[in-house]
Amino acid sequence: MSENDGKKARRDAARERAREARAKEQARRRRNKTLGISGIIVGGLAVIAIVVVVIANSVQPAGPGPKNMASDGLLLHGVNGQIVPVSTSATPDGGKPTPTKQDDSVANITVYSDYMCPYCNQFETSQMSQIQQWVQAGSATLELHPFNLLDRVSLGSKYSTRSAAAAACVANYDPDAFLAYNTALYENQPSESTRGLTNDKLASLAKTAGATNAKVTSCITDQHFAGWVGDATNRVLNEKIPNSSLDKVTGTPVVIVNGSQYNGSLTDTDAFAAFVEQHGGAA
């Protein structure tokens, strides 16, 4: 082999080595690109999954409301001298409450209240005895709407929500005990700026008030209707109040008699009786 032939052979070998190196580098880059794309896809899918979970959690429909509170309140009327709750179906998932069809021949008394509200307690303590007499006599109905206005004053325990949810449990499973439980919640009302009663205590009060259905306790301790309380609260604070001229509720208690709001003394029974007589003819 001549010297020129040897040089040519070495150049050809170098070219072949260079070609092989380029081929290996191209193959390495293709592998890395494929892995990178796969990583991006996997990472993107993970992000999408997280976003889907977050969105799903944020838009999940609220659970159904309690039975016997289709209007977001429980309606009581008189039957043979007894105060009896009116039975209704539950508001379904994503559904809207059904306003009560009122009978204008009687005094339709509707109360929006918060179980931590001291003014609501004043009204309850002063007026409920005569209201019950009117309902028993059949000259009035009473519709109670518990909701959450004062969660902010229970040191993070959300007592207003928890107590309203507890009342909803009684309405759902043992409605005959609702009125007694409503009274018990006011008789045991905690002071503002405290954590309020525990869920176990709320369940114990329900049992003492006559709610003997075995499901009431777990419903209260699990806060089954807390979501509904939030929905009902949003409605009363932002939407027109049925059977009234009120655009929304701005405080508690709100007491309405046949569409007219009572703005008199919470503790003056004569003043309230006169208002009811004027607007509903019950007293």
# chains A, B, ... in the order shown; residues from 1 in each chain; ligands from 1

$ closest_atom_pairs --of "range 145-261 of chain A" --to "range 68-87 of chain A" --cutoff "7 Å" --atoms "only C-alpha atoms" --output "Markdown table"
| residue | atom | partner | partner_atom | distance |
| --- | --- | --- | --- | --- |
| A:His145 | CA | A:Gly73 | CA | 4.2 |
| A:Ala171 | CA | A:Asn68 | CA | 6.2 |
| A:Asn172 | CA | A:Asn68 | CA | 6.2 |
| A:Pro175 | CA | A:Pro85 | CA | 6.4 |
| A:Asp176 | CA | A:Pro85 | CA | 6.3 |
| A:Ala232 | CA | A:Asp72 | CA | 6.3 |

$ residues_around --residues "range 245-254 of chain A" --least-positions-apart "4" --cutoff "12 Å" --atoms "only C-alpha atoms" --output "PyMOL selection string"
chain A and resi 109-124+143-150+232-241+258-266

$ select_by_dssp --residues "range 121-236 of chain A" --states "strand (DSSP E)" --output "PyMOL selection string"
chain A and resi 140-146

$ write_last_selection --atoms "C-alpha atoms" --output "mmCIF file, in the first residue's frame"
data_model
loop_
_atom_site.group_PDB
_atom_site.id
_atom_site.type_symbol
_atom_site.label_atom_id
_atom_site.label_comp_id
_atom_site.auth_asym_id
_atom_site.auth_seq_id
_atom_site.Cartn_x
_atom_site.Cartn_y
_atom_site.Cartn_z
ATOM 1 C CA ALA A 140 -101.443 31.361 63.511
ATOM 2 C CA THR A 141 -98.675 29.345 61.914
ATOM 3 C CA LEU A 142 -95.005 29.564 62.858
ATOM 4 C CA GLU A 143 -92.154 29.027 60.416
ATOM 5 C CA LEU A 144 -88.635 28.883 61.858
ATOM 6 C CA HIS A 145 -85.583 29.546 59.676
ATOM 7 C CA PRO A 146 -82.281 28.953 61.493
#

$ select_by_dssp --residues "range 109-217 of chain A" --states "helix (DSSP H, G or I)" --output "PyMOL selection string"
chain A and resi 118-137+151-153+159-173+175-187+199-208+215-217

$ residues_around --residues "range 161-168 of chain A" --least-positions-apart "4" --cutoff "8 Å" --atoms "only C-alpha atoms" --output "ChimeraX atom specification"
/A:66,69,114-115,146-148,151,172,178,181-182,185,199,202-203,219-220,223-226,228-230

$ closest_residue --among "A:Tyr186, A:Ser160, A:Leu155, A:Val106" --to "Trp134 in chain A" --atoms "only C-alpha atoms"
A:Val106

$ atom_distance --atom1 "CA of Pro242 in chain A" --atom2 "CA of Thr88 in chain A"
17.1 Å

$ atom_distance --atom1 "CA of Ser191 in chain A" --atom2 "CA of Gln132 in chain A"
26.1 Å

$ closest_residue --among "A:Glu187, A:Asp174, A:Asp268, A:Glu192" --to "Gly156 in chain A" --atoms "only C-alpha atoms"
A:Glu192

$ closest_residue --among "A:Ala90, A:Ala107, A:Ala184, A:Ala273" --to "Gly210 in chain A" --atoms "only C-alpha atoms"
A:Ala184

$ closest_residue --among "A:Glu277, A:Asp270, A:Asp231, A:Asp222" --to "Gly95 in chain A" --atoms "only C-alpha atoms"
A:Asp231
